[in-house]
Amino acid sequence: MSTVTLNAHAPTGPIADRWDEHRFSVKLVNPNNRRKFTVLVVGTGLAGAAAAASLAQLGYQVKVFTFHDSPRRAHSIAAQGGINAAKNYKNDGDSIHRLFYDTIKGGDFRARESNVYRLAQVSVNIIDQCVAQGVPFAREYGGLLDNRSFGGAQVSRTFYARGQTGQQLLLGAYQALMQQVGLGRVEMHTKTEMLDVVTKDGQACGIVVRDLATGEITSFNGHAVLLCTGGYSNAFYLSTNAMNCNATAAWRAHKRGAAFANPCYTQIHPTCIPANDEFQSKLTLMSESLRNDGRIWVPKSPDDTRPPHQIPEDERDYYLERIYPSFGNLAPRDVSSRAAKRMVDAGHGIGPLQNGVYLDFADAIGRLGEQVVKERYGNLFDMYQRITDENPYQVPMRIYPAPHYTMGGLWVDYNLQTTVPGLYALGEANFSDHGANRLGASALMQGLADGYFVIPTTISDGLAPLLGSPPVPLDDPVFAQTEQEVRDDISRWLSVGGTRSVDHYHRELGKIVWDYCGMGRNRTGLEKALSEIPALRAEFETNVRVTGRADEVNQNLEKVQRVADFFELGELMCRDALHREESCGGHFREEYQTDEGEAQRNDEDFCYVGAWEWKGPDTPQALHREPLEFEYVQLTQRSYK
Amino acid sequence: MKLTLKIWRQEGPRAEGRFESYEVPNVNEEMSFLEMLDGLNERLVEDGQEPITFDSDCREGICGTCGITIDGKPHGPWPGAATCQLHMRAFSDGDVITLEPWRAAGFPVMKDLMVDRTAFDTIVEAGGYISVDTGAAPDANEIPVPKPVADAAMDAAACIGCGACVAACPNSAAQLFTSAKLAHLNLLPQGQAERFRRTEDMVETMETFFGSCTNYGFCQEACPKEIPIDFIALMNRDYLKAKLKNRKLAGRQG
Ligand SMILES: Cc1cc2nc3c(=O)[nH]c(=O)nc-3n(C[C@H](O)[C@H](O)[C@H](O)COP(=O)(O)OP(=O)(O)OC[C@H]3O[C@@H](n4cnc5c(N)ncnc54)[C@H](O)[C@@H]3O)c2cc1C
């Protein structure tokens, strides 16, 4: 029997009025009644911190959970380049409609129109909110806000705070959250990892958590649970995500009935420092903003091993400028990444391992002077030099694509509710707004849109009917039972007593996912992955070694559970990629490409969201389809030429 | 290269700690310091020993999670870098390196090299914000901020909350952390309304956890973001003003 129905609850009517109409039609909870509702927020990145602070301001009882030692350490802190908003402060033709259109097109026509339009609408409020909180965005000499350009757009709509935009936005949200903690409206649980969602009669009623300091397993109950737990790029092992980013919260929710949408839509970011060796623990992003002034090139002749300054101008191929003259170095991420891969695969790769392309600032330094370049990108240049021991003011940077962001995630309706009533997903953890490819500077926008403006409005629609009913009490057997399952799982991992480390298996899994479900995918490879992953998982389950105890700080125990979930998720990524017999955005099936090697969509058969329903440990998930309808944009072959 | 590590091992908050030595062969100078430790941990696990507990997350010097005192220096020998940004080319074959957690009463050790820095959150909770409920903000460009002011606020806001300043200070004082947050908010026009109350509340909360500042200046040296101690002077000035101002206000109310 299927418990999943995909009703997007997306409003109809003129697109510009939909969010207004919806706000008018949702049920409300009056201010005096809000304190009667408890909302559990898991995650304190942009999405979670913004949601928790805003809901507490409204008067709800909020409990917040993060596995980090402080809410300020969520991975959002690492975002560098900027945040988009349709302010049109530059008078360069931007508008809400243009941001909407760019986002839909950038996502290769695989996102829901209503959601994306709303995102573009509230983008302007986000900037207002952040400035009022004291986010020190870059300014012009007149004191007004500065903007830069990002990939996939021909307007300047990106707001930034040096190369630390995510840090500053997160600190703004974190500070608002801490204020609510001080006022007693938010109960904060740091170093607390959510390990399961508790449901009763199909409705989410709480969570089970592990205290990472003491190992204690406990439950919390509430009227609603918000998962704001980030993306799953670490399924690839090497990615630009922080070491501890993981999919466990979303995955356990999936296993409790939440459909997982478009898992194969993953973003490989074009500008990262190329991998060095086996011991590499993660990859470092060089912000896309660098492509505003840096020029990407490779030597024209394959296997040219001369140092870059000895390669004369006419022996260089500035391939993005050549192939995509109107967007040039600012072509969108998926397009730029694949172009880099084609160059390297054809033998034009540079650097000691011939696994990169150049990002060259010589022209920019000549045109603007070193000082201006330093002002714009100083901290990124320093970061690069520290890692590579090369000075990018003198030699071009070496870059290569790396896993960075996941567009897929928990399926949500227009209210951000998953297929489990009472369970919501916000930020990168949901699948909502970016379709098959996300444009730069749009993740921060979406996380804050979800947290500050969408959920505070839509949550009352789910809560209002619950007025008068207290949360399911903690002594209800559903809590004891879920806790027991979590405890059993932990004991099982501690008693395997194998010979290899968790990291070993994570690395091996990552290699399979990257090789067969990375930048290029095809039927043969995906089928291979679908047989290799379960085989490796079987070995992992019987040969992994986790030392230590359950009732203490135990980082390996934390890791083993996350990696176990990556195994299952990695498999689903491949299954989704195999079923989607088209190329779109970040999902590039080699069998489906245009004569020029661009992604070839198949709108006839695949213009839908693919949402997978968990069917138990030994049965493949079942696919559900949410058809996508486009009334305001015309589906075209994406072109950035 | 081959290294010897002397690492602080402590099973839990109440356990006695001790140094233990580990030989690490085959260290490649391209590795980051934490990748070197990852390698050691993998080996320990596969040998059935307890790996070393240490905190880290972004590994690019921005989340503030990592922090090891290396040969007596918080975050190690490289200026302007967090532990995760340190690479092994800073060391040479045969080196003996000592690794300790942050040492400060305000940051109790949880296990091995991991400490509890909740006190920093408590300081922010006391006033490290600008009160503006979601939705109540005016258009962003209605609050012009002169570029030099925005730049100075950003210099202060760059703090990553790692705690190296406290670890470096012989008095375990948290003046650099607290003053950086205060400077960020107190310099901006948006922060003026709550300026003095904020300063008073944050400073007094800080004093309940941390020692007092006697101007050693080691904090600035250890700061991975090179935040200058000038901000401490600004904080002290505002604190004094806050005290005077509030007395006046109190008088008026009376
Ligand atoms: C290096 C880098 C640079 C980027 N730069 C940009 C940029 O310039 N512009 C842009 O728009 N986007 C950028 N992005 C993307 C963007 O930063 C992220 O998509 C976004 O910040 C995600 O926010 P979030 O709130 O959804 O999740 P996160 O910030 O990842 O937060 C997740 C939270 O969930 C918690 N959590 C997770 N699982 C559990 C659990 N089981 N139990 C308890 N707590 C849990 C974590 O502790 C954390 O608090 C960048 C990403 C990277 C990797």
# chains A, B, ... in the order shown; residues from 1 in each chain; ligands from 1
call {"tool": "residues_near_ligand", "arguments": {"ligand": "ligand 1", "cutoff": "6 Å", "atoms": "only C-alpha atoms and all ligand atoms", "output": "PDB file with N, CA and C atoms, in the first residue's frame"}}
result
ATOM      1  N   VAL A  42      15.099  21.379  13.646  1.00  0.00           N
ATOM      2  CA  VAL A  42      16.373  20.665  13.602  1.00  0.00           C
ATOM      3  C   VAL A  42      17.270  21.366  12.583  1.00  0.00           C
ATOM      4  N   GLY A  43      18.401  21.871  13.066  1.00  0.00           N
ATOM      5  CA  GLY A  43      19.324  22.576  12.182  1.00  0.00           C
ATOM      6  C   GLY A  43      19.285  24.066  12.427  1.00  0.00           C
ATOM      7  N   THR A  44      20.489  24.672  12.440  1.00  0.00           N
ATOM      8  CA  THR A  44      20.582  26.108  12.698  1.00  0.00           C
ATOM      9  C   THR A  44      21.384  26.815  11.618  1.00  0.00           C
ATOM     10  N   GLY A  45      21.331  26.289  10.385  1.00  0.00           N
ATOM     11  CA  GLY A  45      21.904  27.023   9.266  1.00  0.00           C
ATOM     12  C   GLY A  45      20.978  28.183   8.938  1.00  0.00           C
ATOM     13  N   LEU A  46      21.144  28.745   7.762  1.00  0.00           N
ATOM     14  CA  LEU A  46      20.296  29.892   7.421  1.00  0.00           C
ATOM     15  C   LEU A  46      18.831  29.542   7.544  1.00  0.00           C
ATOM     16  N   ALA A  47      18.449  28.374   7.044  1.00  0.00           N
ATOM     17  CA  ALA A  47      17.038  28.012   7.056  1.00  0.00           C
ATOM     18  C   ALA A  47      16.550  27.826   8.489  1.00  0.00           C
ATOM     19  N   GLY A  48      17.279  27.040   9.277  1.00  0.00           N
ATOM     20  CA  GLY A  48      16.823  26.716  10.623  1.00  0.00           C
ATOM     21  C   GLY A  48      16.880  27.900  11.573  1.00  0.00           C
ATOM     22  N   PHE A  65      17.608  22.169  17.700  1.00  0.00           N
ATOM     23  CA  PHE A  65      18.601  21.094  17.829  1.00  0.00           C
ATOM     24  C   PHE A  65      19.672  21.241  16.758  1.00  0.00           C
ATOM     25  N   THR A  66      20.919  21.064  17.164  1.00  0.00           N
ATOM     26  CA  THR A  66      21.998  21.026  16.182  1.00  0.00           C
ATOM     27  C   THR A  66      23.104  20.109  16.699  1.00  0.00           C
ATOM     28  N   PHE A  67      23.737  19.399  15.780  1.00  0.00           N
ATOM     29  CA  PHE A  67      24.833  18.547  16.249  1.00  0.00           C
ATOM     30  C   PHE A  67      26.097  19.363  16.482  1.00  0.00           C
ATOM     31  N   HIS A  68      26.101  20.611  15.999  1.00  0.00           N
ATOM     32  CA  HIS A  68      27.280  21.459  16.210  1.00  0.00           C
ATOM     33  C   HIS A  68      27.362  21.917  17.666  1.00  0.00           C
ATOM     34  N   PRO A  71      25.161  27.030  17.432  1.00  0.00           N
ATOM     35  CA  PRO A  71      24.340  27.199  16.223  1.00  0.00           C
ATOM     36  C   PRO A  71      25.078  27.955  15.124  1.00  0.00           C
ATOM     37  N   ALA A  74      26.896  26.087  11.707  1.00  0.00           N
ATOM     38  CA  ALA A  74      26.243  25.379  10.597  1.00  0.00           C
ATOM     39  C   ALA A  74      26.991  25.665   9.304  1.00  0.00           C
ATOM     40  N   HIS A  75      26.861  24.745   8.373  1.00  0.00           N
ATOM     41  CA  HIS A  75      27.647  24.854   7.160  1.00  0.00           C
ATOM     42  C   HIS A  75      27.387  26.131   6.351  1.00  0.00           C
ATOM     43  N   SER A  76      26.232  26.744   6.535  1.00  0.00           N
ATOM     44  CA  SER A  76      25.949  28.019   5.852  1.00  0.00           C
ATOM     45  C   SER A  76      27.069  29.032   6.076  1.00  0.00           C
ATOM     46  N   ALA A  78      30.025  28.844   5.658  1.00  0.00           N
ATOM     47  CA  ALA A  78      31.123  28.761   4.694  1.00  0.00           C
ATOM     48  C   ALA A  78      30.800  29.366   3.336  1.00  0.00           C
ATOM     49  N   ALA A  79      29.550  29.777   3.130  1.00  0.00           N
ATOM     50  CA  ALA A  79      29.204  30.327   1.816  1.00  0.00           C
ATOM     51  C   ALA A  79      29.995  31.607   1.593  1.00  0.00           C
ATOM     52  N   GLN A  80      30.517  31.741   0.398  1.00  0.00           N
ATOM     53  CA  GLN A  80      31.451  32.832   0.157  1.00  0.00           C
ATOM     54  C   GLN A  80      30.844  33.974  -0.639  1.00  0.00           C
ATOM     55  N   GLY A  81      30.313  33.619  -1.812  1.00  0.00           N
ATOM     56  CA  GLY A  81      30.133  34.619  -2.868  1.00  0.00           C
ATOM     57  C   GLY A  81      29.037  35.629  -2.701  1.00  0.00           C
ATOM     58  N   GLY A  82      27.828  35.203  -2.327  1.00  0.00           N
ATOM     59  CA  GLY A  82      26.791  36.209  -2.241  1.00  0.00           C
ATOM     60  C   GLY A  82      25.388  35.654  -2.241  1.00  0.00           C
ATOM     61  N   ILE A  83      24.433  36.583  -2.201  1.00  0.00           N
ATOM     62  CA  ILE A  83      23.013  36.243  -2.159  1.00  0.00           C
ATOM     63  C   ILE A  83      22.253  37.107  -3.166  1.00  0.00           C
ATOM     64  N   THR A 192      23.556  17.960  19.848  1.00  0.00           N
ATOM     65  CA  THR A 192      22.440  17.025  19.945  1.00  0.00           C
ATOM     66  C   THR A 192      22.063  16.605  18.537  1.00  0.00           C
ATOM     67  N   GLU A 193      22.168  15.331  18.255  1.00  0.00           N
ATOM     68  CA  GLU A 193      21.929  14.869  16.894  1.00  0.00           C
ATOM     69  C   GLU A 193      20.591  14.151  16.805  1.00  0.00           C
ATOM     70  N   MET A 194      19.770  14.597  15.855  1.00  0.00           N
ATOM     71  CA  MET A 194      18.507  13.927  15.632  1.00  0.00           C
ATOM     72  C   MET A 194      18.768  12.616  14.906  1.00  0.00           C
ATOM     73  N   LEU A 195      18.227  11.521  15.431  1.00  0.00           N
ATOM     74  CA  LEU A 195      18.452  10.229  14.788  1.00  0.00           C
ATOM     75  C   LEU A 195      17.169   9.586  14.278  1.00  0.00           C
ATOM     76  N   CYS A 228      15.839  21.303   8.890  1.00  0.00           N
ATOM     77  CA  CYS A 228      16.590  22.350   8.183  1.00  0.00           C
ATOM     78  C   CYS A 228      18.038  21.889   8.205  1.00  0.00           C
ATOM     79  N   THR A 229      18.267  20.696   7.687  1.00  0.00           N
ATOM     80  CA  THR A 229      19.489  19.966   7.997  1.00  0.00           C
ATOM     81  C   THR A 229      20.494  19.909   6.859  1.00  0.00           C
ATOM     82  N   GLY A 230      20.284  20.701   5.814  1.00  0.00           N
ATOM     83  CA  GLY A 230      21.314  20.846   4.789  1.00  0.00           C
ATOM     84  C   GLY A 230      21.306  19.743   3.735  1.00  0.00           C
ATOM     85  N   THR A 240      32.748  20.031  -1.431  1.00  0.00           N
ATOM     86  CA  THR A 240      33.103  21.307  -0.800  1.00  0.00           C
ATOM     87  C   THR A 240      32.378  21.480   0.525  1.00  0.00           C
ATOM     88  N   ASN A 241      31.517  20.545   0.873  1.00  0.00           N
ATOM     89  CA  ASN A 241      30.784  20.671   2.129  1.00  0.00           C
ATOM     90  C   ASN A 241      31.690  20.421   3.330  1.00  0.00           C
ATOM     91  N   THR A 248      21.575  12.301   7.358  1.00  0.00           N
ATOM     92  CA  THR A 248      20.863  11.412   8.280  1.00  0.00           C
ATOM     93  C   THR A 248      19.459  11.878   8.647  1.00  0.00           C
ATOM     94  N   ALA A 249      19.308  13.139   8.966  1.00  0.00           N
ATOM     95  CA  ALA A 249      17.982  13.609   9.382  1.00  0.00           C
ATOM     96  C   ALA A 249      16.979  13.404   8.242  1.00  0.00           C
ATOM     97  N   LEU A 285      36.237  25.122  -2.224  1.00  0.00           N
ATOM     98  CA  LEU A 285      35.606  25.929  -3.255  1.00  0.00           C
ATOM     99  C   LEU A 285      36.353  27.239  -3.420  1.00  0.00           C
ATOM    100  N   HIS A 404      29.110  19.924  -4.769  1.00  0.00           N
ATOM    101  CA  HIS A 404      28.989  21.166  -4.005  1.00  0.00           C
ATOM    102  C   HIS A 404      27.620  21.358  -3.379  1.00  0.00           C
ATOM    103  N   GLY A 427      15.303  24.901   3.334  1.00  0.00           N
ATOM    104  CA  GLY A 427      16.695  25.085   2.923  1.00  0.00           C
ATOM    105  C   GLY A 427      17.144  23.975   1.981  1.00  0.00           C
ATOM    106  N   GLU A 428      18.434  23.683   2.050  1.00  0.00           N
ATOM    107  CA  GLU A 428      18.991  22.713   1.108  1.00  0.00           C
ATOM    108  C   GLU A 428      18.397  21.315   1.327  1.00  0.00           C
ATOM    109  N   ALA A 429      17.841  21.064   2.505  1.00  0.00           N
ATOM    110  CA  ALA A 429      17.273  19.749   2.796  1.00  0.00           C
ATOM    111  C   ALA A 429      16.039  19.442   1.950  1.00  0.00           C
ATOM    112  N   GLY A 440      24.178  30.315  -8.930  1.00  0.00           N
ATOM    113  CA  GLY A 440      25.011  30.824  -7.845  1.00  0.00           C
ATOM    114  C   GLY A 440      24.263  31.877  -7.051  1.00  0.00           C
ATOM    115  N   ALA A 441      24.524  31.911  -5.740  1.00  0.00           N
ATOM    116  CA  ALA A 441      23.951  32.921  -4.841  1.00  0.00           C
ATOM    117  C   ALA A 441      22.456  32.753  -4.618  1.00  0.00           C
ATOM    118  N   SER A 442      21.919  31.605  -5.023  1.00  0.00           N
ATOM    119  CA  SER A 442      20.489  31.380  -4.828  1.00  0.00           C
ATOM    120  C   SER A 442      20.169  30.429  -3.681  1.00  0.00           C
ATOM    121  N   ALA A 443      21.177  29.761  -3.132  1.00  0.00           N
ATOM    122  CA  ALA A 443      20.902  28.855  -2.015  1.00  0.00           C
ATOM    123  C   ALA A 443      20.688  29.658  -0.741  1.00  0.00           C
ATOM    124  N   LEU A 444      21.520  30.675  -0.553  1.00  0.00           N
ATOM    125  CA  LEU A 444      21.365  31.518   0.631  1.00  0.00           C
ATOM    126  C   LEU A 444      20.003  32.192   0.570  1.00  0.00           C
ATOM    127  N   MET A 445      19.658  32.643  -0.633  1.00  0.00           N
ATOM    128  CA  MET A 445      18.348  33.276  -0.827  1.00  0.00           C
ATOM    129  C   MET A 445      17.229  32.310  -0.448  1.00  0.00           C
ATOM    130  N   GLY A 447      17.322  29.528   1.433  1.00  0.00           N
ATOM    131  CA  GLY A 447      17.322  29.156   2.850  1.00  0.00           C
ATOM    132  C   GLY A 447      16.652  30.242   3.689  1.00  0.00           C
TER     133      GLY A 447
END
call {"tool": "residues_around", "arguments": {"residues": "B:Gly64", "least_positions_apart": "3", "cutoff": "9 Å", "atoms": "only C-alpha atoms", "output": "list of chain:residue names"}}
result
A:Arg72, A:Arg73, B:Ser56, B:Asp57, B:Cys58, B:Gly61, B:Gly67, B:Ala82, B:Cys159, B:Ile160, B:Gly161, B:Cys162, B:Gly163
call {"tool": "write_last_selection", "arguments": {"atoms": "all heavy atoms", "output": "short mmCIF file (atom, residue, chain, number, x, y, z; two decimals), in the first residue's frame"}}
result
data_model
loop_
_atom_site.label_atom_id
_atom_site.label_comp_id
_atom_site.auth_asym_id
_atom_site.auth_seq_id
_atom_site.Cartn_x
_atom_site.Cartn_y
_atom_site.Cartn_z
N ARG A 72 26.07 28.75 15.50
CA ARG A 72 26.76 29.57 14.50
C ARG A 72 27.67 28.76 13.59
O ARG A 72 28.24 29.29 12.65
CB ARG A 72 27.59 30.66 15.18
CG ARG A 72 28.74 30.09 16.01
CD ARG A 72 29.54 31.18 16.70
NE ARG A 72 30.34 31.96 15.76
CZ ARG A 72 30.78 33.19 16.00
NH1 ARG A 72 30.50 33.79 17.12
NH2 ARG A 72 31.51 33.82 15.10
N ARG A 73 27.86 27.48 13.88
CA ARG A 73 28.82 26.72 13.07
C ARG A 73 28.19 25.96 11.91
O ARG A 73 28.88 25.22 11.21
CB ARG A 73 29.59 25.75 13.96
CG ARG A 73 30.22 26.44 15.15
CD ARG A 73 31.55 25.90 15.51
NE ARG A 73 31.92 26.32 16.87
CZ ARG A 73 32.48 27.49 17.16
NH1 ARG A 73 32.75 28.36 16.20
NH2 ARG A 73 32.79 27.79 18.40
N SER B 56 36.41 19.64 14.22
CA SER B 56 36.69 20.39 13.00
C SER B 56 35.48 20.24 12.12
O SER B 56 34.71 19.30 12.28
CB SER B 56 37.92 19.83 12.27
OG SER B 56 37.55 18.77 11.41
N ASP B 57 35.28 21.15 11.18
CA ASP B 57 34.15 20.97 10.29
C ASP B 57 34.42 21.50 8.88
O ASP B 57 34.66 20.71 7.98
CB ASP B 57 32.87 21.60 10.88
CG ASP B 57 31.61 21.01 10.28
OD1 ASP B 57 31.69 19.90 9.71
OD2 ASP B 57 30.54 21.64 10.35
N CYS B 58 34.46 22.81 8.70
CA CYS B 58 34.54 23.33 7.32
C CYS B 58 35.89 23.08 6.68
O CYS B 58 36.01 22.99 5.48
CB CYS B 58 34.20 24.82 7.29
SG CYS B 58 35.54 25.87 7.91
N GLY B 61 38.74 27.35 7.54
CA GLY B 61 39.01 28.48 8.41
C GLY B 61 37.86 29.44 8.63
O GLY B 61 38.10 30.60 8.95
N GLY B 67 40.38 23.83 16.73
CA GLY B 67 41.26 24.62 17.57
C GLY B 67 42.12 23.71 18.42
O GLY B 67 41.64 23.05 19.32
N ALA B 82 43.55 29.30 10.91
CA ALA B 82 43.00 28.37 11.89
C ALA B 82 43.73 27.04 11.76
O ALA B 82 44.41 26.79 10.76
CB ALA B 82 41.51 28.19 11.65
N CYS B 159 35.17 37.79 12.97
CA CYS B 159 35.46 36.84 14.05
C CYS B 159 34.73 35.53 13.82
O CYS B 159 33.55 35.52 13.49
CB CYS B 159 35.03 37.45 15.39
SG CYS B 159 34.99 36.26 16.75
N ILE B 160 35.45 34.40 14.00
CA ILE B 160 34.81 33.10 13.78
C ILE B 160 34.45 32.39 15.09
O ILE B 160 34.01 31.25 15.09
CB ILE B 160 35.71 32.18 12.91
CG1 ILE B 160 37.08 31.96 13.53
CG2 ILE B 160 35.82 32.75 11.50
CD1 ILE B 160 37.95 30.95 12.79
N GLY B 161 34.67 33.07 16.22
CA GLY B 161 34.24 32.49 17.50
C GLY B 161 34.94 31.20 17.86
O GLY B 161 34.36 30.31 18.47
N CYS B 162 36.22 31.08 17.51
CA CYS B 162 36.93 29.82 17.76
C CYS B 162 37.45 29.73 19.19
O CYS B 162 37.65 28.64 19.71
CB CYS B 162 38.09 29.66 16.78
SG CYS B 162 39.37 30.93 16.96
N GLY B 163 37.72 30.89 19.79
CA GLY B 163 38.21 30.88 21.17
C GLY B 163 39.73 30.92 21.31
O GLY B 163 40.26 30.86 22.42
#
call {"tool": "residues_around", "arguments": {"residues": "B:Tyr129", "least_positions_apart": "2", "cutoff": "9 Å", "atoms": "only C-alpha atoms", "output": "PyMOL selection string"}}
result
(chain A and resi 133-134+172+174-176+178-179) or (chain B and resi 124-127+131-132+181+185+191+194+198)
call {"tool": "atom_distance", "arguments": {"atom1": "atom CA of A:Glu598", "atom2": "atom CA of A:Gly106"}}
result
13.6 Å
call {"tool": "atom_distance", "arguments": {"atom1": "atom CA of A:Ser301", "atom2": "atom CA of A:Asn522"}}
result
28.4 Å
call {"tool": "residues_around", "arguments": {"residues": "A:Ser469", "least_positions_apart": "4", "cutoff": "12 Å", "atoms": "only C-alpha atoms", "output": "PyMOL selection string"}}
result
chain A and resi 33+36-38+205+222-223+463-465+473
call {"tool": "select_by_dssp", "arguments": {"residues": "stretch 110-186 of chain B", "states": "strand (DSSP E)", "output": "number ranges by chain"}}
result
B: 110-111, 114-115
call {"tool": "residues_around", "arguments": {"residues": "stretch 7-21 of chain B", "least_positions_apart": "2", "cutoff": "9 Å", "atoms": "only C-alpha atoms", "output": "ChimeraX atom specification"}}
result
/A:552-553 /B:4-5,23,52-53,97-101,108-113,115
call {"tool": "select_by_dssp", "arguments": {"residues": "stretch 96-129 of chain B", "states": "alpha helix (DSSP H)", "output": "PyMOL selection string"}}
result
chain B and resi 118-125
call {"tool": "closest_residue", "arguments": {"among": "B:Met114, B:Val145, B:Ala119, B:Met1", "to": "chain A", "atoms": "only C-alpha atoms"}}
result
B:Val145
call {"tool": "closest_residue", "arguments": {"among": "A:Tyr400, A:Tyr160, A:Tyr232, A:Phe109", "to": "chain B", "atoms": "only C-alpha atoms"}}
result
A:Tyr160
call {"tool": "atom_distance", "arguments": {"atom1": "atom CA of A:Asp20", "atom2": "atom CA of A:Ala85"}}
result
18.9 Å
call {"tool": "residues_around", "arguments": {"residues": "B:Glu60", "least_positions_apart": "6", "cutoff": "9 Å", "atoms": "only C-alpha atoms", "output": "VMD selection string"}}
result
(chain A and resid 78 242 284 383) or (chain B and resid 82 84 to 85)
call {"tool": "residues_around", "arguments": {"residues": "stretch 202-209 of chain B", "least_positions_apart": "2", "cutoff": "10 Å", "atoms": "only C-alpha atoms", "output": "PyMOL selection string"}}
result
chain B and resi 104-107+119-120+122-128+172-175+177-179+181-182+196-200+211-212+235-236+239
call {"tool": "closest_residue", "arguments": {"among": "A:Gln168, A:Asn246, A:Gln203, A:Thr418", "to": "A:Ala611", "atoms": "only C-alpha atoms"}}
result
A:Thr418
call {"tool": "closest_residue", "arguments": {"among": "A:Phe630, A:Gly215, A:Thr619, A:Asn115", "to": "A:Ser491", "atoms": "only C-alpha atoms"}}
result
A:Gly215
call {"tool": "closest_residue", "arguments": {"among": "A:Tyr640, A:Phe159, A:Phe100, A:Tyr405", "to": "chain B", "atoms": "only C-alpha atoms"}}
result
A:Phe159
call {"tool": "closest_residue", "arguments": {"among": "A:Asn7, A:Asn276, A:Thr542, A:Ser95", "to": "chain B", "atoms": "only C-alpha atoms"}}
result
A:Asn276
